[in-house]
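What follows is the content of data-v4.pdb, which has PDB, C-alpha atoms:
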```pdb
ATOM      1  CA  MET H  15       8.120  43.233   9.150
ATOM      2  CA  ILE H  16       5.066  41.099   8.465
ATOM      3  CA  ARG H  17       5.547  37.417   9.136
ATOM      4  CA  PRO H  18       3.654  34.856   7.047
ATOM      5  CA  LYS H  19       0.660  33.342   8.740
ATOM      6  CA  THR H  20       1.325  29.850  10.113
ATOM      7  CA  GLU H  21      -0.680  27.282  11.975
ATOM      8  CA  THR H  22      -0.584  27.245  15.765
ATOM      9  CA  LYS H  23       2.407  25.257  16.998
ATOM     10  CA  GLY H  24       1.429  21.848  18.290
ATOM     11  CA  SER H  25      -1.937  21.851  16.576
ATOM     12  CA  PRO H  26      -3.156  18.903  14.482
ATOM     13  CA  MET H  27      -2.139  20.941  11.438
ATOM     14  CA  ASP H  28       1.496  20.707  12.563
ATOM     15  CA  GLU H  29       2.068  17.325  10.912
ATOM     16  CA  PHE H  30       5.294  16.627   9.028
ATOM     17  CA  THR H  31       3.815  16.968   5.538
ATOM     18  CA  SER H  32       1.367  19.743   6.313
ATOM     19  CA  SER H  33       1.349  22.763   4.028
ATOM     20  CA  PRO H  34       0.055  26.139   5.182
ATOM     21  CA  ARG H  35      -3.347  26.813   3.703
ATOM     22  CA  GLU H  36      -1.934  29.870   1.890
ATOM     23  CA  ARG H  37       0.339  27.640  -0.237
ATOM     24  CA  LEU H  38      -2.416  25.340  -1.422
ATOM     25  CA  ILE H  39      -3.901  25.912  -4.867
ATOM     26  CA  TRP H  40      -7.179  24.647  -3.398
ATOM     27  CA  PRO H  41      -7.139  25.985   0.182
ATOM     28  CA  PHE H  42     -10.432  24.254   1.005
ATOM     29  CA  MET H  43      -8.589  20.908   0.791
ATOM     30  CA  ALA H  44      -6.438  21.730   3.820
ATOM     31  CA  PRO H  45      -8.721  20.085   6.423
ATOM     32  CA  PHE H  46      -8.938  16.936   4.312
ATOM     33  CA  TYR H  47      -5.162  16.736   3.936
ATOM     34  CA  HIS H  48      -4.330  17.547   7.541
ATOM     35  CA  TYR H  49      -7.073  15.718   9.402
ATOM     36  CA  PHE H  50      -7.579  12.654   7.212
ATOM     37  CA  ALA H  51      -5.291  12.007   4.235
ATOM     38  CA  GLN H  52      -1.985  12.615   5.974
ATOM     39  CA  PRO H  53      -2.548  10.835   9.307
ATOM     40  CA  VAL H  54      -4.473   7.920   7.794
ATOM     41  CA  GLY H  55      -2.075   7.562   4.857
ATOM     42  CA  TRP H  56       0.942   7.597   7.164
ATOM     43  CA  ALA H  57      -0.656   5.078   9.523
ATOM     44  CA  LEU H  58      -1.394   2.734   6.613
ATOM     45  CA  PHE H  59       2.174   3.070   5.355
ATOM     46  CA  ARG H  60       3.508   2.337   8.838
ATOM     47  CA  VAL H  61       1.235  -0.722   9.141
ATOM     48  CA  LEU H  62       2.402  -1.924   5.715
ATOM     49  CA  ILE H  63       6.074  -1.707   6.675
ATOM     50  CA  GLY H  64       5.516  -3.253  10.093
ATOM     51  CA  GLY H  65       3.122  -5.897   8.815
ATOM     52  CA  LEU H  66       5.493  -7.085   6.098
ATOM     53  CA  LEU H  67       8.282  -7.306   8.668
ATOM     54  CA  MET H  68       6.014  -9.461  10.837
ATOM     55  CA  VAL H  69       5.260 -11.766   7.900
ATOM     56  CA  GLU H  70       8.976 -12.094   7.182
ATOM     57  CA  GLY H  71       9.800 -12.563  10.858
ATOM     58  CA  TRP H  72       7.155 -15.169  11.767
ATOM     59  CA  PRO H  73       9.054 -18.199  10.372
ATOM     60  CA  LYS H  74      12.089 -17.019  12.333
ATOM     61  CA  ILE H  75      10.053 -16.667  15.538
ATOM     62  CA  ILE H  76       8.855 -20.271  15.384
ATOM     63  CA  ALA H  77      12.421 -21.432  14.603
ATOM     64  CA  PRO H  78      14.625 -18.770  16.237
ATOM     65  CA  MET H  79      17.900 -20.675  15.799
ATOM     66  CA  ALA H  80      17.320 -21.585  12.153
ATOM     67  CA  GLN H  81      19.478 -18.704  10.894
ATOM     68  CA  VAL H  82      22.594 -19.655  12.878
ATOM     69  CA  GLY H  83      24.224 -21.451   9.949
ATOM     70  CA  PHE H  84      23.344 -18.657   7.531
ATOM     71  CA  VAL H  85      24.736 -15.967   9.829
ATOM     72  CA  GLU H  86      27.989 -17.797  10.517
ATOM     73  CA  ASN H  87      28.659 -19.623   7.247
ATOM     74  CA  VAL H  88      27.154 -17.289   4.648
ATOM     75  CA  MET H  89      27.299 -13.864   6.274
ATOM     76  CA  GLY H  90      30.569 -14.739   7.950
ATOM     77  CA  TRP H  91      29.543 -13.273  11.300
ATOM     78  CA  PRO H  92      30.365 -14.927  14.627
ATOM     79  CA  ALA H  93      27.815 -15.628  17.362
ATOM     80  CA  GLY H  94      25.032 -16.855  15.137
ATOM     81  CA  TRP H  95      23.323 -18.086  18.305
ATOM     82  CA  PHE H  96      22.851 -14.413  19.225
ATOM     83  CA  PHE H  97      22.052 -12.833  15.863
ATOM     84  CA  SER H  98      19.580 -15.500  14.712
ATOM     85  CA  PRO H  99      17.012 -14.944  17.503
ATOM     86  CA  LEU H 100      17.786 -11.204  17.490
ATOM     87  CA  LEU H 101      16.801 -11.057  13.814
ATOM     88  CA  ALA H 102      13.555 -12.878  14.608
ATOM     89  CA  ILE H 103      12.709 -10.456  17.405
ATOM     90  CA  MET H 104      13.629  -7.388  15.373
ATOM     91  CA  GLN H 105      11.478  -8.411  12.447
ATOM     92  CA  PHE H 106       8.422  -9.822  14.183
ATOM     93  CA  VAL H 107       8.236  -7.880  17.457
ATOM     94  CA  GLY H 108       9.793  -4.803  15.859
ATOM     95  CA  GLY H 109       7.345  -5.006  12.969
ATOM     96  CA  PHE H 110       4.441  -5.176  15.420
ATOM     97  CA  LEU H 111       5.718  -2.123  17.321
ATOM     98  CA  ILE H 112       6.119  -0.185  14.064
ATOM     99  CA  ALA H 113       2.604  -1.188  12.983
ATOM    100  CA  ILE H 114       0.996   0.102  16.192
ATOM    101  CA  GLY H 115       3.403   3.032  16.458
ATOM    102  CA  LEU H 116       5.001   2.253  19.825
ATOM    103  CA  LEU H 117       8.665   3.187  20.424
ATOM    104  CA  THR H 118       8.452   3.898  16.740
ATOM    105  CA  ARG H 119      11.662   5.769  15.988
ATOM    106  CA  PRO H 120      14.253   3.548  17.725
ATOM    107  CA  VAL H 121      12.600   0.333  16.563
ATOM    108  CA  ALA H 122      12.283   1.572  12.981
ATOM    109  CA  LEU H 123      15.891   2.791  13.004
ATOM    110  CA  ALA H 124      17.157  -0.601  14.202
ATOM    111  CA  ASN H 125      15.194  -2.321  11.440
ATOM    112  CA  ALA H 126      16.391   0.179   8.841
ATOM    113  CA  VAL H 127      20.001  -0.667   9.712
ATOM    114  CA  MET H 128      19.246  -4.393   9.591
ATOM    115  CA  LEU H 129      17.474  -4.025   6.244
ATOM    116  CA  ALA H 130      20.317  -1.934   4.817
ATOM    117  CA  ILE H 131      22.589  -4.881   5.612
ATOM    118  CA  THR H 132      20.297  -7.122   3.565
ATOM    119  CA  ILE H 133      20.733  -4.777   0.581
ATOM    120  CA  TRP H 134      24.496  -5.001   0.981
ATOM    121  CA  PHE H 135      24.263  -8.794   1.217
ATOM    122  CA  HIS H 136      22.110  -9.199  -1.911
ATOM    123  CA  VAL H 137      24.340  -6.854  -3.918
ATOM    124  CA  SER H 138      27.564  -8.446  -2.643
ATOM    125  CA  ASN H 139      26.290 -12.003  -3.042
ATOM    126  CA  PRO H 140      24.302 -12.102  -6.286
ATOM    127  CA  TYR H 141      22.642 -15.299  -7.390
ATOM    128  CA  GLY H 142      24.860 -15.280 -10.457
ATOM    129  CA  PRO H 143      24.206 -15.234 -14.207
ATOM    130  CA  VAL H 144      23.472 -18.957 -14.638
ATOM    131  CA  PHE H 145      20.723 -20.999 -13.004
ATOM    132  CA  LEU H 146      21.289 -24.379 -14.704
ATOM    133  CA  THR H 147      24.538 -26.025 -15.794
ATOM    134  CA  ASP H 148      24.911 -27.458 -19.295
ATOM    135  CA  ASP H 149      24.437 -30.958 -17.856
ATOM    136  CA  GLY H 150      21.322 -29.798 -16.020
ATOM    137  CA  MET H 151      19.904 -28.312 -19.213
ATOM    138  CA  THR H 152      20.591 -31.542 -21.104
ATOM    139  CA  PHE H 153      18.943 -33.631 -18.420
ATOM    140  CA  LEU H 154      15.812 -31.472 -18.316
ATOM    141  CA  ARG H 155      15.483 -31.407 -22.116
ATOM    142  CA  ASP H 156      15.638 -35.171 -22.090
ATOM    143  CA  ASN H 157      13.199 -35.447 -19.186
ATOM    144  CA  LEU H 158      10.562 -32.794 -19.753
ATOM    145  CA  GLN H 159       8.188 -34.568 -17.354
ATOM    146  CA  TYR H 160      10.059 -32.919 -14.514
ATOM    147  CA  LEU H 161       8.988 -29.457 -15.669
ATOM    148  CA  THR H 162       5.598 -27.880 -16.182
ATOM    149  CA  GLU H 163       4.982 -26.068 -19.447
ATOM    150  CA  GLU H 164       5.638 -22.787 -17.648
ATOM    151  CA  GLY H 165       8.834 -24.192 -16.188
ATOM    152  CA  GLN H 166       9.981 -25.276 -19.637
ATOM    153  CA  ARG H 167       9.290 -21.835 -21.031
ATOM    154  CA  ARG H 168      11.111 -20.009 -18.239
ATOM    155  CA  LEU H 169      14.091 -22.305 -17.783
ATOM    156  CA  LEU H 170      14.948 -24.080 -21.020
ATOM    157  CA  ALA H 171      15.158 -21.044 -23.295
ATOM    158  CA  ASP H 172      18.111 -19.434 -21.498
ATOM    159  CA  GLY H 173      19.062 -21.804 -18.718
ATOM    160  CA  GLY H 174      16.985 -19.842 -16.250
ATOM    161  CA  ALA H 175      19.108 -16.684 -16.572
ATOM    162  CA  GLY H 176      16.048 -14.446 -16.943
ATOM    163  CA  PHE H 177      14.330 -16.099 -13.983
ATOM    164  CA  LEU H 178      17.472 -15.691 -11.879
ATOM    165  CA  HIS H 179      17.681 -12.016 -12.834
ATOM    166  CA  GLN H 180      14.099 -11.525 -11.639
ATOM    167  CA  VAL H 181      14.882 -13.215  -8.317
ATOM    168  CA  GLN H 182      17.972 -11.017  -7.830
ATOM    169  CA  ALA H 183      16.128  -7.828  -8.769
ATOM    170  CA  LYS H 184      13.209  -8.563  -6.458
ATOM    171  CA  ALA H 185      15.557  -9.335  -3.574
ATOM    172  CA  VAL H 186      17.299  -5.982  -3.982
ATOM    173  CA  PHE H 187      14.111  -4.004  -4.711
ATOM    174  CA  ASN H 188      12.194  -5.502  -1.773
ATOM    175  CA  SER H 189      15.047  -4.845   0.631
ATOM    176  CA  SER H 190      15.400  -1.293  -0.729
ATOM    177  CA  PHE H 191      11.681  -0.601  -0.237
ATOM    178  CA  TRP H 192      11.734  -1.943   3.308
ATOM    179  CA  THR H 193      14.916  -0.052   4.176
ATOM    180  CA  ALA H 194      13.597   3.242   2.819
ATOM    181  CA  GLY H 195      10.228   2.695   4.508
ATOM    182  CA  ALA H 196      11.757   1.889   7.888
ATOM    183  CA  ALA H 197      14.124   4.869   7.572
ATOM    184  CA  LEU H 198      11.204   7.204   6.816
ATOM    185  CA  VAL H 199       9.295   5.904   9.833
ATOM    186  CA  ALA H 200      12.416   6.382  11.956
ATOM    187  CA  ALA H 201      12.727   9.965  10.728
ATOM    188  CA  PHE H 202       9.107  11.044  11.124
ATOM    189  CA  GLY H 203       7.890   8.848  13.983
ATOM    190  CA  GLY H 204       4.546   7.191  14.455
ATOM    191  CA  GLY H 205       2.396  10.142  13.475
ATOM    192  CA  ARG H 206      -0.928  11.222  14.898
ATOM    193  CA  LEU H 207      -2.558   7.766  14.749
ATOM    194  CA  SER H 208      -0.036   5.881  16.871
ATOM    195  CA  ALA H 209       0.435   4.466  20.358
ATOM    196  CA  ASP H 210       3.254   6.956  20.899
ATOM    197  CA  ARG H 211       0.853   9.841  20.346
ATOM    198  CA  LEU H 212      -1.720   8.297  22.680
ATOM    199  CA  LEU H 213       0.909   8.019  25.406
ATOM    200  CA  GLY H 214       1.962  11.601  24.831
ATOM    201  CA  LYS H 215       5.687  10.744  24.770
ATOM    202  CA  GLU H 216       7.939   9.608  21.957
ATOM    203  CA  PHE H 217      11.596   9.487  21.022
TER     204      PHE H 217
END
```
This structure in structure tokens:
Amino acid sequence: MIRPKTETKGSPMDEFTSSPRERLIWPFMAPFYHYFAQPVGWALFRVLIGGLLMVEGWPKIIAPMAQVGFVENVMGWPAGWFFSPLLAIMQFVGGFLIAIGLLTRPVALANAVMLAITIWFHVSNPYGPVFLTDDGMTFLRDNLQYLTEEGQRRLLADGGAGFLHQVQAKAVFNSSFWTAGAALVAAFGGGRLSADRLLGKEF
């Protein structure tokens, strides 16, 4: 029985998205895919996920207890004193570790779970269909100086319902992107251009 030709196990060609040269319509593209496009593209994706987590986590790092009230009163979880700084560390420090590819899988998995909770929260606690009450609409129509022309266009036509829908959609979409990205990093690891690979050991 003749076995199909495969790349040597453990070689640089053994990346998670690599395709054997024989399956490529343009076989000459294999070195470009395996040695540049895949490792560089994956590293950039990992830096994007980690970097955005760092941006989101920085305000929490400089005020680590600021989320206590949100955790306890809005989320309904006890021990906000514990979860508030933990969230800051997971997002900022965890994002940095994902970006450089160190301890990539466990850190990305922890963030994926945390981000999945944010999806659940945004879906379970929508902003609602109405942004302004009838009294609020009346007040703003009588006092247009409080709104810019853009604000008048976006809020007075429908009470801000369209604007609120955009806010809700972006909250869910952003959390979904981050969750899926962190889960993918957790599944595939740091890749060839990562601190884990330099150390020669990874989870």
Closest pair table for range 97-199 of chain H residues within 7 Å of range 56-68 of chain H, all atoms listed in the file, as JSON lines:
```
{"residue": "H:Gln105", "atom": "CA", "partner": "H:Leu67", "partner_atom": "CA", "distance": 5.1}
{"residue": "H:Phe106", "atom": "CA", "partner": "H:Met68", "partner_atom": "CA", "distance": 4.1}
{"residue": "H:Gly109", "atom": "CA", "partner": "H:Gly64", "partner_atom": "CA", "distance": 3.8}
{"residue": "H:Phe110", "atom": "CA", "partner": "H:Gly64", "partner_atom": "CA", "distance": 5.8}
{"residue": "H:Ile112", "atom": "CA", "partner": "H:Gly64", "partner_atom": "CA", "distance": 5.1}
{"residue": "H:Ala113", "atom": "CA", "partner": "H:Val61", "partner_atom": "CA", "distance": 4.1}
{"residue": "H:Trp192", "atom": "CA", "partner": "H:Ile63", "partner_atom": "CA", "distance": 6.6}
{"residue": "H:Gly195", "atom": "CA", "partner": "H:Ile63", "partner_atom": "CA", "distance": 6.4}
{"residue": "H:Ala196", "atom": "CA", "partner": "H:Ile63", "partner_atom": "CA", "distance": 6.8}
{"residue": "H:Val199", "atom": "CA", "partner": "H:Arg60", "partner_atom": "CA", "distance": 6.9}
```
Between H:Ile39, H:Leu178, H:Val137, H:Leu170, which has the minimum distance to Thr152 in chain H (counting all atoms listed in the file)? H:Leu170
What would the selection look like, as a PyMOL selection string, if the PyMOL selection byres ((chain H and resi 94) around 10) were run on the coordinates I just shared? chain H and resi 79-87+89-93+95-100
Take the residues that were just selected and, keeping C-alpha atoms, output them as a PDB file, in the frame of the given file.
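This went into result.pdb:
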```pdb
ATOM      1  CA  MET H  79      17.900 -20.675  15.799  1.00  0.00           C
ATOM      2  CA  ALA H  80      17.320 -21.585  12.153  1.00  0.00           C
ATOM      3  CA  GLN H  81      19.478 -18.704  10.894  1.00  0.00           C
ATOM      4  CA  VAL H  82      22.594 -19.655  12.878  1.00  0.00           C
ATOM      5  CA  GLY H  83      24.224 -21.451   9.949  1.00  0.00           C
ATOM      6  CA  PHE H  84      23.344 -18.657   7.531  1.00  0.00           C
ATOM      7  CA  VAL H  85      24.736 -15.967   9.829  1.00  0.00           C
ATOM      8  CA  GLU H  86      27.989 -17.797  10.517  1.00  0.00           C
ATOM      9  CA  ASN H  87      28.659 -19.623   7.247  1.00  0.00           C
ATOM     10  CA  MET H  89      27.299 -13.864   6.274  1.00  0.00           C
ATOM     11  CA  GLY H  90      30.569 -14.739   7.950  1.00  0.00           C
ATOM     12  CA  TRP H  91      29.543 -13.273  11.300  1.00  0.00           C
ATOM     13  CA  PRO H  92      30.365 -14.927  14.627  1.00  0.00           C
ATOM     14  CA  ALA H  93      27.815 -15.628  17.362  1.00  0.00           C
ATOM     15  CA  TRP H  95      23.323 -18.086  18.305  1.00  0.00           C
ATOM     16  CA  PHE H  96      22.851 -14.413  19.225  1.00  0.00           C
ATOM     17  CA  PHE H  97      22.052 -12.833  15.863  1.00  0.00           C
ATOM     18  CA  SER H  98      19.580 -15.500  14.712  1.00  0.00           C
ATOM     19  CA  PRO H  99      17.012 -14.944  17.503  1.00  0.00           C
ATOM     20  CA  LEU H 100      17.786 -11.204  17.490  1.00  0.00           C
TER      21      LEU H 100
END
```
Compile the contact shell of Ile133 in chain H as a PyMOL selection string: residues with an atom at most 7 Å away, counting all atoms listed in the file, same-chain residues fewer than 3 positions apart removed. chain H and resi 129-130+136-137+186+189-190
Store the residues picked out above, limited to C-alpha atoms, as a PDB file, in the frame of the given file.
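Saved the output as again_22.pdb:
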```pdb
ATOM      1  CA  LEU H 129      17.474  -4.025   6.244  1.00  0.00           C
ATOM      2  CA  ALA H 130      20.317  -1.934   4.817  1.00  0.00           C
ATOM      3  CA  HIS H 136      22.110  -9.199  -1.911  1.00  0.00           C
ATOM      4  CA  VAL H 137      24.340  -6.854  -3.918  1.00  0.00           C
ATOM      5  CA  VAL H 186      17.299  -5.982  -3.982  1.00  0.00           C
ATOM      6  CA  SER H 189      15.047  -4.845   0.631  1.00  0.00           C
ATOM      7  CA  SER H 190      15.400  -1.293  -0.729  1.00  0.00           C
TER       8      SER H 190
END
```
With distances taken over only C-alpha atoms, which residue among H:Met43, H:Val54, H:Ala183, H:Leu101 lies nearest Ile131 in chain H?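 Distance minimum relative to Ile131 in chain H lands on H:Leu101.
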Proximity to Phe177 in chain H - best of H:Ala197, H:Leu116, H:Leu146, H:Leu158, only C-alpha atoms: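 Looking at the shortest contact to Phe177 in chain H, the residue is H:Leu146.
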Using all atoms listed in the file, pick whichever of H:Ile75, H:Ala122, H:Val107, H:Ala102 has the shortest atom-to-atom distance to Leu198 in chain H.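 Nearest to Leu198 in chain H: H:Ala122.
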